[in-house]
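Structure file my_file18.cif with mmCIF, C-alpha atoms:
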data_final
#
loop_
_atom_site.label_atom_id
_atom_site.label_comp_id
_atom_site.auth_asym_id
_atom_site.auth_seq_id
_atom_site.Cartn_x
_atom_site.Cartn_y
_atom_site.Cartn_z
CA MET A 1 45.10 -96.81 156.28
CA THR A 2 47.04 -96.15 159.52
CA ALA A 3 49.06 -98.79 161.38
CA ASN A 4 46.56 -99.64 164.10
CA PRO A 5 48.39 -101.64 166.83
CA TYR A 6 45.45 -104.03 167.32
CA LEU A 7 45.25 -104.72 163.59
CA VAL A 8 49.01 -105.31 163.36
CA ALA A 9 48.86 -107.60 166.43
CA ALA A 10 45.96 -109.67 165.01
CA TYR A 11 47.60 -110.18 161.61
CA ALA A 12 51.00 -110.91 163.18
CA VAL A 13 49.56 -113.42 165.66
CA THR A 14 47.71 -115.22 162.84
CA TRP A 15 50.92 -115.74 160.87
CA ILE A 16 52.98 -116.59 163.94
CA ILE A 17 50.50 -119.39 164.77
CA HIS A 18 50.51 -120.74 161.20
CA ILE A 19 54.29 -120.55 160.85
CA ALA A 20 54.78 -122.23 164.26
CA TYR A 21 52.47 -125.08 163.20
CA ILE A 22 54.20 -125.49 159.82
CA SER A 23 57.60 -125.60 161.56
CA THR A 24 56.35 -128.47 163.77
CA ILE A 25 55.38 -130.36 160.59
CA VAL A 26 58.82 -129.67 159.07
CA SER A 27 60.64 -130.85 162.21
CA ARG A 28 58.50 -134.01 162.35
CA TYR A 29 59.35 -134.66 158.68
CA SER A 30 63.09 -134.34 159.29
CA ARG A 31 62.89 -136.63 162.35
CA LEU A 32 61.02 -139.18 160.27
CA LYS A 33 63.61 -138.94 157.47
CA ARG A 34 66.34 -139.77 160.00
CA GLU A 35 64.29 -142.72 161.27
CA ILE A 36 63.80 -144.02 157.71
CA ALA A 37 67.54 -143.70 157.00
CA GLU A 38 68.33 -145.68 160.19
CA LEU A 39 65.79 -148.35 159.25
CA ASN A 40 67.31 -148.68 155.77
CA LYS A 41 70.80 -148.96 157.29
CA LYS A 42 69.63 -151.74 159.66
CA ASN A 43 67.89 -153.59 156.83
CA ARG A 44 71.04 -153.52 154.72
CA SER A 45 73.33 -154.79 157.52
CA MET B 1 44.04 -164.83 146.81
CA LYS B 2 43.76 -161.63 144.83
CA ASN B 3 44.81 -158.44 146.61
CA ARG B 4 41.70 -156.28 146.21
CA LYS B 5 42.24 -152.54 146.53
CA ARG B 6 39.64 -150.56 148.45
CA PRO B 7 38.28 -147.75 146.19
CA GLY B 8 38.53 -145.03 148.86
CA ILE B 9 42.16 -145.81 149.59
CA SER B 10 43.18 -146.10 145.92
CA MET B 11 41.53 -142.75 145.19
CA ILE B 12 43.46 -141.06 148.02
CA GLN B 13 46.63 -142.86 146.83
CA SER B 14 46.27 -141.53 143.27
CA LEU B 15 45.49 -138.04 144.61
CA ASN B 16 48.62 -138.38 146.75
CA ASP B 17 50.78 -139.23 143.71
CA SER B 18 49.47 -136.40 141.54
CA MET B 19 49.73 -133.94 144.45
CA LYS B 20 53.44 -134.73 144.83
CA LYS B 21 54.07 -133.12 141.44
CA ALA B 22 51.53 -130.31 141.87
CA PHE B 23 52.55 -129.29 145.41
CA PRO B 24 55.28 -126.72 144.52
CA ILE B 25 53.04 -125.05 141.91
CA LEU B 26 50.06 -124.98 144.29
CA GLY B 27 52.32 -123.65 147.05
CA VAL B 28 53.44 -120.70 144.88
CA LEU B 29 49.87 -120.01 143.72
CA THR B 30 48.60 -120.06 147.31
CA ALA B 31 51.37 -117.66 148.40
CA ILE B 32 50.37 -115.28 145.58
CA LEU B 33 46.68 -115.61 146.52
CA LEU B 34 47.45 -114.94 150.21
CA SER B 35 49.45 -111.82 149.27
CA TYR B 36 46.62 -110.60 147.01
CA ALA B 37 44.11 -111.29 149.81
CA LEU B 38 46.26 -109.30 152.26
CA TYR B 39 46.36 -106.40 149.76
CA GLN B 40 42.57 -106.56 149.41
CA ALA B 41 42.09 -106.56 153.19
CA LEU B 42 44.52 -103.75 153.99
CA VAL B 43 44.36 -101.48 150.93
CA VAL B 44 41.34 -102.08 148.69
CA ALA B 45 38.59 -102.68 151.29
CA PRO B 46 37.19 -99.35 152.58
CA THR B 47 37.66 -98.26 156.18
CA GLU B 48 34.62 -98.92 158.36
CA LYS B 49 33.03 -95.68 159.66
CA THR B 50 32.54 -96.48 163.36
CA MET B 51 35.31 -99.00 164.12
CA GLY B 52 37.99 -97.66 161.79
CA ASP B 53 40.94 -99.81 160.74
CA VAL B 54 40.50 -102.30 163.58
CA GLN B 55 37.50 -103.69 161.62
CA ARG B 56 40.03 -105.13 159.11
CA ILE B 57 40.74 -107.90 161.66
CA PHE B 58 37.44 -109.29 160.38
CA TYR B 59 39.17 -110.32 157.08
CA TYR B 60 41.35 -112.79 159.00
CA HIS B 61 38.99 -113.65 161.86
CA VAL B 62 35.91 -114.67 159.84
CA PRO B 63 37.68 -116.72 157.08
CA SER B 64 39.66 -118.53 159.80
CA ALA B 65 36.39 -119.43 161.56
CA TRP B 66 34.77 -120.66 158.32
CA THR B 67 37.85 -122.72 157.45
CA ALA B 68 37.91 -124.27 160.94
CA PHE B 69 34.20 -125.16 160.66
CA ILE B 70 34.74 -126.82 157.25
CA LEU B 71 37.71 -128.81 158.60
CA PHE B 72 35.66 -129.96 161.61
CA PHE B 73 32.89 -131.08 159.24
CA ILE B 74 35.38 -133.05 157.12
CA ASN B 75 36.65 -134.55 160.37
CA PHE B 76 33.05 -135.52 161.18
CA GLY B 77 32.51 -137.14 157.73
CA ALA B 78 35.81 -139.02 157.87
CA SER B 79 35.06 -140.21 161.43
CA VAL B 80 31.66 -141.57 160.33
CA VAL B 81 33.35 -143.35 157.40
CA TYR B 82 35.93 -144.78 159.80
CA LEU B 83 33.25 -145.99 162.24
CA ILE B 84 31.35 -147.72 159.41
CA LYS B 85 34.17 -149.10 157.23
CA ARG B 86 37.25 -149.06 159.52
CA ASN B 87 39.15 -147.42 156.66
CA PRO B 88 42.61 -146.27 157.92
CA ALA B 89 42.81 -143.50 155.29
CA ALA B 90 39.58 -142.01 156.68
CA ASP B 91 41.12 -142.14 160.16
CA ILE B 92 44.16 -140.18 158.93
CA VAL B 93 41.94 -137.60 157.17
CA ALA B 94 39.94 -137.17 160.41
CA LEU B 95 43.10 -136.67 162.50
CA VAL B 96 44.64 -134.21 160.03
CA CYS B 97 41.47 -132.11 159.70
CA ALA B 98 41.05 -131.93 163.49
CA GLU B 99 44.65 -130.80 163.95
CA VAL B 100 44.56 -128.10 161.25
CA GLY B 101 41.05 -127.10 162.38
CA VAL B 102 42.34 -126.53 165.91
CA VAL B 103 45.08 -124.26 164.51
CA PHE B 104 42.48 -122.15 162.67
CA CYS B 105 40.17 -122.15 165.69
CA THR B 106 43.09 -120.90 167.82
CA VAL B 107 43.51 -118.00 165.37
CA VAL B 108 39.79 -117.22 165.79
CA LEU B 109 40.00 -117.28 169.60
CA ILE B 110 43.01 -114.95 169.62
CA THR B 111 42.04 -112.46 166.90
CA GLY B 112 38.51 -112.12 168.35
CA PRO B 113 39.63 -110.65 171.70
CA ILE B 114 42.19 -108.42 169.89
CA TRP B 115 39.26 -106.95 167.93
CA ALA B 116 36.97 -106.84 171.01
CA ARG B 117 39.35 -104.81 173.20
CA PRO B 118 39.16 -101.53 171.20
CA VAL B 119 35.54 -102.06 170.05
CA TRP B 120 33.81 -103.41 173.21
CA GLY B 121 36.38 -102.16 175.74
CA ILE B 122 36.97 -105.71 177.05
CA TRP B 123 39.10 -108.63 175.87
CA TRP B 124 36.55 -111.34 176.66
CA THR B 125 32.97 -111.80 177.80
CA TRP B 126 31.22 -115.06 178.65
CA ASP B 127 28.62 -114.63 175.94
CA MET B 128 27.15 -117.59 174.07
CA ARG B 129 29.12 -117.29 170.81
CA LEU B 130 32.48 -116.80 172.53
CA THR B 131 31.92 -119.48 175.15
CA SER B 132 30.63 -122.07 172.66
CA THR B 133 33.64 -121.42 170.39
CA LEU B 134 35.94 -121.98 173.36
CA VAL B 135 34.08 -125.22 174.20
CA LEU B 136 34.38 -126.35 170.55
CA TRP B 137 38.14 -125.68 170.67
CA LEU B 138 38.44 -127.63 173.96
CA ILE B 139 36.56 -130.62 172.45
CA TYR B 140 38.95 -130.84 169.50
CA VAL B 141 42.01 -130.28 171.70
CA SER B 142 40.84 -133.20 173.87
CA TYR B 143 40.39 -135.22 170.65
CA LEU B 144 44.03 -134.50 169.76
CA PHE B 145 45.18 -135.35 173.31
CA LEU B 146 43.31 -138.65 173.05
CA ARG B 147 45.06 -139.40 169.75
CA ARG B 148 48.46 -138.38 171.10
CA PHE B 149 48.53 -140.01 174.54
CA SER B 150 46.37 -143.13 174.16
CA SER B 151 48.14 -146.09 172.59
CA GLY B 152 45.42 -148.79 172.66
CA GLY B 153 43.99 -150.34 169.49
CA GLN B 154 40.61 -148.76 170.22
CA THR B 155 41.98 -145.20 170.12
CA PRO B 156 40.84 -144.37 166.53
CA THR B 157 37.33 -145.69 167.30
CA LEU B 158 37.04 -143.71 170.54
CA ALA B 159 38.40 -140.61 168.81
CA ALA B 160 35.92 -141.04 165.92
CA ALA B 161 33.04 -141.27 168.42
CA LEU B 162 34.28 -138.11 170.16
CA ALA B 163 34.58 -136.34 166.78
CA VAL B 164 30.97 -137.19 165.89
CA LEU B 165 29.80 -135.63 169.17
CA GLY B 166 32.16 -132.66 168.74
CA ALA B 167 30.76 -131.93 165.27
CA LEU B 168 27.31 -131.40 166.80
CA CYS B 169 28.78 -128.36 168.50
CA VAL B 170 29.70 -126.69 165.16
CA PRO B 171 26.15 -125.70 164.04
CA PHE B 172 25.41 -124.68 167.64
CA VAL B 173 28.39 -122.26 167.56
CA TYR B 174 27.36 -120.85 164.17
CA PHE B 175 23.68 -120.36 164.99
CA SER B 176 24.19 -119.29 168.62
CA ILE B 177 24.01 -115.63 167.61
CA TRP B 178 20.53 -116.20 166.20
CA PHE B 179 19.17 -118.19 169.12
CA PHE B 180 20.68 -116.18 171.99
CA ARG B 181 21.15 -112.50 172.75
CA THR B 182 24.88 -112.01 172.36
CA GLN B 183 27.35 -109.17 172.04
CA HIS B 184 28.90 -110.78 168.96
CA PRO B 185 28.05 -109.11 165.60
CA GLN B 186 25.42 -110.79 163.38
CA PRO B 187 26.67 -113.14 160.64
CA VAL B 188 27.84 -111.63 157.34
CA MET B 189 25.96 -114.26 155.31
CA GLY B 190 22.23 -114.47 156.03
CA GLY B 191 22.41 -112.08 158.96
CA GLY B 192 20.02 -109.56 157.44
CA GLY B 193 22.57 -106.73 157.35
CA SER B 194 24.31 -105.29 154.29
CA ILE B 195 28.00 -105.14 153.48
CA ASP B 196 29.98 -102.99 151.04
CA PRO B 197 30.75 -105.08 147.90
CA ARG B 198 34.50 -104.32 148.23
CA MET B 199 34.43 -105.57 151.83
CA LEU B 200 32.59 -108.73 150.74
CA HIS B 201 35.10 -109.25 147.91
CA ALA B 202 38.04 -108.90 150.35
CA LEU B 203 36.35 -111.30 152.76
CA LEU B 204 35.70 -113.97 150.11
CA ILE B 205 39.20 -113.66 148.62
CA ASN B 206 40.70 -114.13 152.09
CA TRP B 207 38.47 -117.15 152.67
CA LEU B 208 39.55 -118.67 149.35
CA ALA B 209 43.23 -118.01 150.17
CA PHE B 210 42.96 -119.53 153.67
CA SER B 211 41.06 -122.54 152.29
CA CYS B 212 43.83 -123.21 149.72
CA PHE B 213 46.44 -122.76 152.46
CA ALA B 214 44.55 -125.15 154.77
CA PHE B 215 44.30 -127.73 151.96
CA LEU B 216 48.07 -127.65 151.39
CA VAL B 217 48.83 -127.90 155.11
CA CYS B 218 46.36 -130.81 155.44
CA TRP B 219 47.97 -132.58 152.50
CA SER B 220 51.48 -132.20 154.00
CA ARG B 221 50.22 -133.46 157.34
CA TYR B 222 48.46 -136.39 155.63
CA ARG B 223 51.71 -137.41 153.92
CA LEU B 224 53.58 -137.13 157.22
CA GLU B 225 51.03 -139.27 159.08
CA THR B 226 51.03 -141.94 156.34
CA LEU B 227 54.84 -142.11 156.42
CA GLN B 228 54.86 -142.20 160.23
CA ARG B 229 52.48 -145.17 160.28
CA GLU B 230 54.60 -147.02 157.68
CA VAL B 231 57.74 -146.43 159.78
CA ASP B 232 55.93 -147.61 162.94
CA GLN B 233 54.88 -150.78 161.12
CA SER B 234 58.48 -151.38 159.99
CA HIS B 235 59.69 -150.94 163.59
CA ALA B 236 57.06 -153.42 164.81
CA LEU B 237 58.03 -155.90 162.10
CA GLN B 238 61.71 -155.54 162.92
CA SER B 239 61.13 -156.14 166.63
CA LEU B 240 59.18 -159.29 165.72
CA LEU B 241 62.04 -160.56 163.56
CA ASP B 242 64.69 -159.55 166.07
CA PRO B 243 63.25 -159.52 169.64
CA ARG B 244 66.48 -158.03 171.08
CA GLU B 245 65.86 -154.97 168.92
CA GLY B 246 62.36 -154.58 170.35
CA ALA B 247 63.62 -154.92 173.94
CA ARG B 248 65.97 -151.93 173.55
#
Spell out the structure here as structure tokens.
Amino acid sequence: MTANPYLVAAYAVTWIIHIAYISTIVSRYSRLKREIAELNKKNRS
Amino acid sequence: MKNRKRPGISMIQSLNDSMKKAFPILGVLTAILLSYALYQALVVAPTEKTMGDVQRIFYYHVPSAWTAFILFFINFGASVVYLIKRNPAADIVALVCAEVGVVFCTVVLITGPIWARPVWGIWWTWDMRLTSTLVLWLIYVSYLFLRRFSSGGQTPTLAAALAVLGALCVPFVYFSIWFFRTQHPQPVMGGGGSIDPRMLHALLINWLAFSCFAFLVCWSRYRLETLQREVDQSHALQSLLDPREGAR
């Protein structure tokens, strides 16, 4: 198999899209964690 | 009064608890499966005679389309359940499947033109299969916009109604190449053509790998949405108890 530029582009784009989506989930998780920590702090005080 | 648990919700809850433990193992297994599927697509599957290596795009393009269709159908089922029973878990499942389905449909709409350019000589043509796939994508993007930017209490109901209509488009997209004269190749399954067994094996392995991957992503997104709604409820409760907090 040779490194066809269209093939490389298609496979790369697929993983870029999936990784970008997963990173949005991760960032939303960390934002939510901060929110939960703040809520717990308020509830304690 | 006894607090009766709804069976659908308790089933999802128990699945949620057992998935918490299984997630790392399933994640590793899916990564191994995806690597094996990539090996099958790039090394084991034979090179197509007329198109050459560019045909290997098919091993990502087709499984992504099938996965998107399945997710849109689950979205349809969950939306119907929500419209009948007003079950919040069904609403979350519908939202999650639409979101992940749009991601897979985006992959289809981008990898398709990358394949078309060297094979057809053009990136895009307004043929029935391509146009209907774009319309399908636009319907589910509008569904997500509705969920994101509308804050009224009727939003889940309106979104569920839109999802039911959107799902009608899925069989139309799939069968459009049978009903209309299009440039798009005939379907692999039931299209009347033949395929090398190694190519079929690579295709099915990639579909299995992408389905497992989609399931894990959906589960993570489901957990996130459940947590988000719990936090929103806590905020609402807090602003009721302390109105100054809500005014900020």
Go through chain B residue by residue and, counting only C-alpha atoms, keep those with an atom at most 9 Å from chain A; for each kept residue give the shortest atom pair and its distance in Å to one decimal, ordered by chain and increasing number, as JSON lines.
{"residue": "B:Leu42", "atom": "CA", "partner": "A:Met1", "partner_atom": "CA", "distance": 7.3}
{"residue": "B:Val43", "atom": "CA", "partner": "A:Met1", "partner_atom": "CA", "distance": 7.1}
{"residue": "B:Thr47", "atom": "CA", "partner": "A:Met1", "partner_atom": "CA", "distance": 7.6}
{"residue": "B:Asp53", "atom": "CA", "partner": "A:Asn4", "partner_atom": "CA", "distance": 6.6}
{"residue": "B:Val54", "atom": "CA", "partner": "A:Leu7", "partner_atom": "CA", "distance": 5.3}
{"residue": "B:Gln55", "atom": "CA", "partner": "A:Leu7", "partner_atom": "CA", "distance": 8.1}
{"residue": "B:Arg56", "atom": "CA", "partner": "A:Leu7", "partner_atom": "CA", "distance": 6.9}
{"residue": "B:Ile57", "atom": "CA", "partner": "A:Leu7", "partner_atom": "CA", "distance": 5.8}
{"residue": "B:Tyr60", "atom": "CA", "partner": "A:Tyr11", "partner_atom": "CA", "distance": 7.3}
{"residue": "B:His61", "atom": "CA", "partner": "A:Ala10", "partner_atom": "CA", "distance": 8.6}
{"residue": "B:Val100", "atom": "CA", "partner": "A:Tyr21", "partner_atom": "CA", "distance": 8.7}
{"residue": "B:Val103", "atom": "CA", "partner": "A:His18", "partner_atom": "CA", "distance": 7.3}
{"residue": "B:Phe104", "atom": "CA", "partner": "A:His18", "partner_atom": "CA", "distance": 8.3}
{"residue": "B:Thr106", "atom": "CA", "partner": "A:Ile17", "partner_atom": "CA", "distance": 8.2}
{"residue": "B:Val107", "atom": "CA", "partner": "A:Thr14", "partner_atom": "CA", "distance": 5.6}
{"residue": "B:Val108", "atom": "CA", "partner": "A:Thr14", "partner_atom": "CA", "distance": 8.7}
{"residue": "B:Ile110", "atom": "CA", "partner": "A:Ala10", "partner_atom": "CA", "distance": 7.6}
{"residue": "B:Thr111", "atom": "CA", "partner": "A:Ala10", "partner_atom": "CA", "distance": 5.2}
{"residue": "B:Gly112", "atom": "CA", "partner": "A:Ala10", "partner_atom": "CA", "distance": 8.5}
{"residue": "B:Ile114", "atom": "CA", "partner": "A:Tyr6", "partner_atom": "CA", "distance": 6.0}
{"residue": "B:Trp115", "atom": "CA", "partner": "A:Tyr6", "partner_atom": "CA", "distance": 6.9}
{"residue": "B:Arg117", "atom": "CA", "partner": "A:Tyr6", "partner_atom": "CA", "distance": 8.5}
{"residue": "B:Pro118", "atom": "CA", "partner": "A:Tyr6", "partner_atom": "CA", "distance": 7.8}
{"residue": "B:Val217", "atom": "CA", "partner": "A:Ile22", "partner_atom": "CA", "distance": 7.5}
{"residue": "B:Ser220", "atom": "CA", "partner": "A:Ile25", "partner_atom": "CA", "distance": 7.9}
{"residue": "B:Arg221", "atom": "CA", "partner": "A:Ile25", "partner_atom": "CA", "distance": 6.8}
{"residue": "B:Leu224", "atom": "CA", "partner": "A:Tyr29", "partner_atom": "CA", "distance": 6.4}
{"residue": "B:Leu227", "atom": "CA", "partner": "A:Leu32", "partner_atom": "CA", "distance": 7.8}
{"residue": "B:Gln228", "atom": "CA", "partner": "A:Leu32", "partner_atom": "CA", "distance": 6.9}
{"residue": "B:Val231", "atom": "CA", "partner": "A:Ile36", "partner_atom": "CA", "distance": 6.8}
{"residue": "B:Ser234", "atom": "CA", "partner": "A:Leu39", "partner_atom": "CA", "distance": 7.9}
{"residue": "B:His235", "atom": "CA", "partner": "A:Leu39", "partner_atom": "CA", "distance": 7.9}
{"residue": "B:Gln238", "atom": "CA", "partner": "A:Asn43", "partner_atom": "CA", "distance": 8.9}
Please dump the current selection as a compact mmCIF listing (two decimals), in the coordinates of the input; keep C-alpha atoms.
# COMPACT_ATOMS: atom_id res chain seq x y z
CA LEU B 42 44.52 -103.75 153.99
CA VAL B 43 44.36 -101.48 150.93
CA THR B 47 37.66 -98.26 156.18
CA ASP B 53 40.94 -99.81 160.74
CA VAL B 54 40.50 -102.30 163.58
CA GLN B 55 37.50 -103.69 161.62
CA ARG B 56 40.03 -105.13 159.11
CA ILE B 57 40.74 -107.90 161.66
CA TYR B 60 41.35 -112.79 159.00
CA HIS B 61 38.99 -113.65 161.86
CA VAL B 100 44.56 -128.10 161.25
CA VAL B 103 45.08 -124.26 164.51
CA PHE B 104 42.48 -122.15 162.67
CA THR B 106 43.09 -120.90 167.82
CA VAL B 107 43.51 -118.00 165.37
CA VAL B 108 39.79 -117.22 165.79
CA ILE B 110 43.01 -114.95 169.62
CA THR B 111 42.04 -112.46 166.90
CA GLY B 112 38.51 -112.12 168.35
CA ILE B 114 42.19 -108.42 169.89
CA TRP B 115 39.26 -106.95 167.93
CA ARG B 117 39.35 -104.81 173.20
CA PRO B 118 39.16 -101.53 171.20
CA VAL B 217 48.83 -127.90 155.11
CA SER B 220 51.48 -132.20 154.00
CA ARG B 221 50.22 -133.46 157.34
CA LEU B 224 53.58 -137.13 157.22
CA LEU B 227 54.84 -142.11 156.42
CA GLN B 228 54.86 -142.20 160.23
CA VAL B 231 57.74 -146.43 159.78
CA SER B 234 58.48 -151.38 159.99
CA HIS B 235 59.69 -150.94 163.59
CA GLN B 238 61.71 -155.54 162.92
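Counting from CA of Pro197 (chain B), the distance to CA of Tyr59 (chain B) is 13.5 Å.
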Please compute the CA of Leu240 (chain B)-CA of Asn40 (chain A) distance, one decimal, in Å. 16.7 Å
Gap from CA of Ile205 (chain B) to CA of Tyr39 (chain B) - Å, one decimal: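 A separation of 10.3 Å between them.
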Within 12 Å of (28.7, -111.0, 171.2), in the coordinates the file gives, what residues turn up when you count all atoms listed in the file, written out as a VMD selection string? chain B and resid 112 to 113 115 to 116 119 to 120 122 to 133 173 176 to 178 180 to 187
For region 56-82 of chain B, where the input has fewer atoms than it should, I would like N, CA and C atoms rebuilt and written as a PDB file, in the frame of the given file.
ATOM      1  N   ARG B  56      39.358-104.284 160.108  1.00  0.00           N
ATOM      2  CA  ARG B  56      40.030-105.130 159.110  1.00  0.00           C
ATOM      3  C   ARG B  56      40.474-106.487 159.703  1.00  0.00           C
ATOM      4  N   ILE B  57      40.450-106.601 161.012  1.00  0.00           N
ATOM      5  CA  ILE B  57      40.740-107.900 161.660  1.00  0.00           C
ATOM      6  C   ILE B  57      39.743-108.949 161.177  1.00  0.00           C
ATOM      7  N   PHE B  58      38.524-108.455 160.875  1.00  0.00           N
ATOM      8  CA  PHE B  58      37.440-109.290 160.380  1.00  0.00           C
ATOM      9  C   PHE B  58      37.852-110.119 159.153  1.00  0.00           C
ATOM     10  N   TYR B  59      38.751-109.598 158.293  1.00  0.00           N
ATOM     11  CA  TYR B  59      39.170-110.320 157.080  1.00  0.00           C
ATOM     12  C   TYR B  59      40.057-111.520 157.381  1.00  0.00           C
ATOM     13  N   TYR B  60      40.582-111.599 158.603  1.00  0.00           N
ATOM     14  CA  TYR B  60      41.350-112.790 159.000  1.00  0.00           C
ATOM     15  C   TYR B  60      40.518-113.642 159.963  1.00  0.00           C
ATOM     16  N   HIS B  61      39.763-112.960 160.821  1.00  0.00           N
ATOM     17  CA  HIS B  61      38.990-113.650 161.860  1.00  0.00           C
ATOM     18  C   HIS B  61      37.879-114.521 161.247  1.00  0.00           C
ATOM     19  N   VAL B  62      37.066-113.939 160.396  1.00  0.00           N
ATOM     20  CA  VAL B  62      35.910-114.670 159.840  1.00  0.00           C
ATOM     21  C   VAL B  62      36.349-115.820 158.908  1.00  0.00           C
ATOM     22  N   PRO B  63      37.251-115.576 157.917  1.00  0.00           N
ATOM     23  CA  PRO B  63      37.680-116.720 157.080  1.00  0.00           C
ATOM     24  C   PRO B  63      38.328-117.838 157.889  1.00  0.00           C
ATOM     25  N   SER B  64      39.044-117.484 158.959  1.00  0.00           N
ATOM     26  CA  SER B  64      39.660-118.530 159.800  1.00  0.00           C
ATOM     27  C   SER B  64      38.567-119.371 160.460  1.00  0.00           C
ATOM     28  N   ALA B  65      37.502-118.705 160.917  1.00  0.00           N
ATOM     29  CA  ALA B  65      36.390-119.430 161.560  1.00  0.00           C
ATOM     30  C   ALA B  65      35.710-120.350 160.548  1.00  0.00           C
ATOM     31  N   TRP B  66      35.437-119.837 159.353  1.00  0.00           N
ATOM     32  CA  TRP B  66      34.770-120.660 158.320  1.00  0.00           C
ATOM     33  C   TRP B  66      35.640-121.859 157.965  1.00  0.00           C
ATOM     34  N   THR B  67      36.940-121.620 157.818  1.00  0.00           N
ATOM     35  CA  THR B  67      37.850-122.720 157.450  1.00  0.00           C
ATOM     36  C   THR B  67      37.873-123.771 158.564  1.00  0.00           C
ATOM     37  N   ALA B  68      37.916-123.318 159.812  1.00  0.00           N
ATOM     38  CA  ALA B  68      37.910-124.270 160.940  1.00  0.00           C
ATOM     39  C   ALA B  68      36.618-125.091 160.927  1.00  0.00           C
ATOM     40  N   PHE B  69      35.476-124.437 160.687  1.00  0.00           N
ATOM     41  CA  PHE B  69      34.200-125.160 160.660  1.00  0.00           C
ATOM     42  C   PHE B  69      34.200-126.223 159.556  1.00  0.00           C
ATOM     43  N   ILE B  70      34.701-125.855 158.376  1.00  0.00           N
ATOM     44  CA  ILE B  70      34.740-126.820 157.250  1.00  0.00           C
ATOM     45  C   ILE B  70      35.629-128.006 157.618  1.00  0.00           C
ATOM     46  N   LEU B  71      36.785-127.719 158.223  1.00  0.00           N
ATOM     47  CA  LEU B  71      37.710-128.810 158.600  1.00  0.00           C
ATOM     48  C   LEU B  71      37.069-129.720 159.645  1.00  0.00           C
ATOM     49  N   PHE B  72      36.328-129.141 160.587  1.00  0.00           N
ATOM     50  CA  PHE B  72      35.660-129.960 161.610  1.00  0.00           C
ATOM     51  C   PHE B  72      34.559-130.816 160.965  1.00  0.00           C
ATOM     52  N   PHE B  73      33.902-130.279 159.924  1.00  0.00           N
ATOM     53  CA  PHE B  73      32.890-131.080 159.240  1.00  0.00           C
ATOM     54  C   PHE B  73      33.518-132.228 158.451  1.00  0.00           C
ATOM     55  N   ILE B  74      34.684-131.963 157.834  1.00  0.00           N
ATOM     56  CA  ILE B  74      35.380-133.050 157.120  1.00  0.00           C
ATOM     57  C   ILE B  74      35.812-134.109 158.143  1.00  0.00           C
ATOM     58  N   ASN B  75      36.268-133.640 159.291  1.00  0.00           N
ATOM     59  CA  ASN B  75      36.650-134.550 160.370  1.00  0.00           C
ATOM     60  C   ASN B  75      35.455-135.427 160.768  1.00  0.00           C
ATOM     61  N   PHE B  76      34.283-134.793 160.838  1.00  0.00           N
ATOM     62  CA  PHE B  76      33.050-135.520 161.180  1.00  0.00           C
ATOM     63  C   PHE B  76      32.754-136.598 160.115  1.00  0.00           C
ATOM     64  N   GLY B  77      32.791-136.202 158.829  1.00  0.00           N
ATOM     65  CA  GLY B  77      32.510-137.140 157.730  1.00  0.00           C
ATOM     66  C   GLY B  77      33.494-138.298 157.733  1.00  0.00           C
ATOM     67  N   ALA B  78      34.785-137.977 157.886  1.00  0.00           N
ATOM     68  CA  ALA B  78      35.810-139.020 157.870  1.00  0.00           C
ATOM     69  C   ALA B  78      35.650-139.941 159.082  1.00  0.00           C
ATOM     70  N   SER B  79      35.247-139.384 160.222  1.00  0.00           N
ATOM     71  CA  SER B  79      35.060-140.210 161.430  1.00  0.00           C
ATOM     72  C   SER B  79      33.890-141.173 161.240  1.00  0.00           C
ATOM     73  N   VAL B  80      32.816-140.687 160.600  1.00  0.00           N
ATOM     74  CA  VAL B  80      31.660-141.570 160.330  1.00  0.00           C
ATOM     75  C   VAL B  80      32.100-142.695 159.394  1.00  0.00           C
ATOM     76  N   VAL B  81      32.858-142.330 158.344  1.00  0.00           N
ATOM     77  CA  VAL B  81      33.350-143.350 157.400  1.00  0.00           C
ATOM     78  C   VAL B  81      34.209-144.368 158.147  1.00  0.00           C
ATOM     79  N   TYR B  82      35.059-143.863 159.047  1.00  0.00           N
ATOM     80  CA  TYR B  82      35.930-144.780 159.800  1.00  0.00           C
ATOM     81  C   TYR B  82      35.092-145.718 160.682  1.00  0.00           C
TER      82      TYR B  82
END
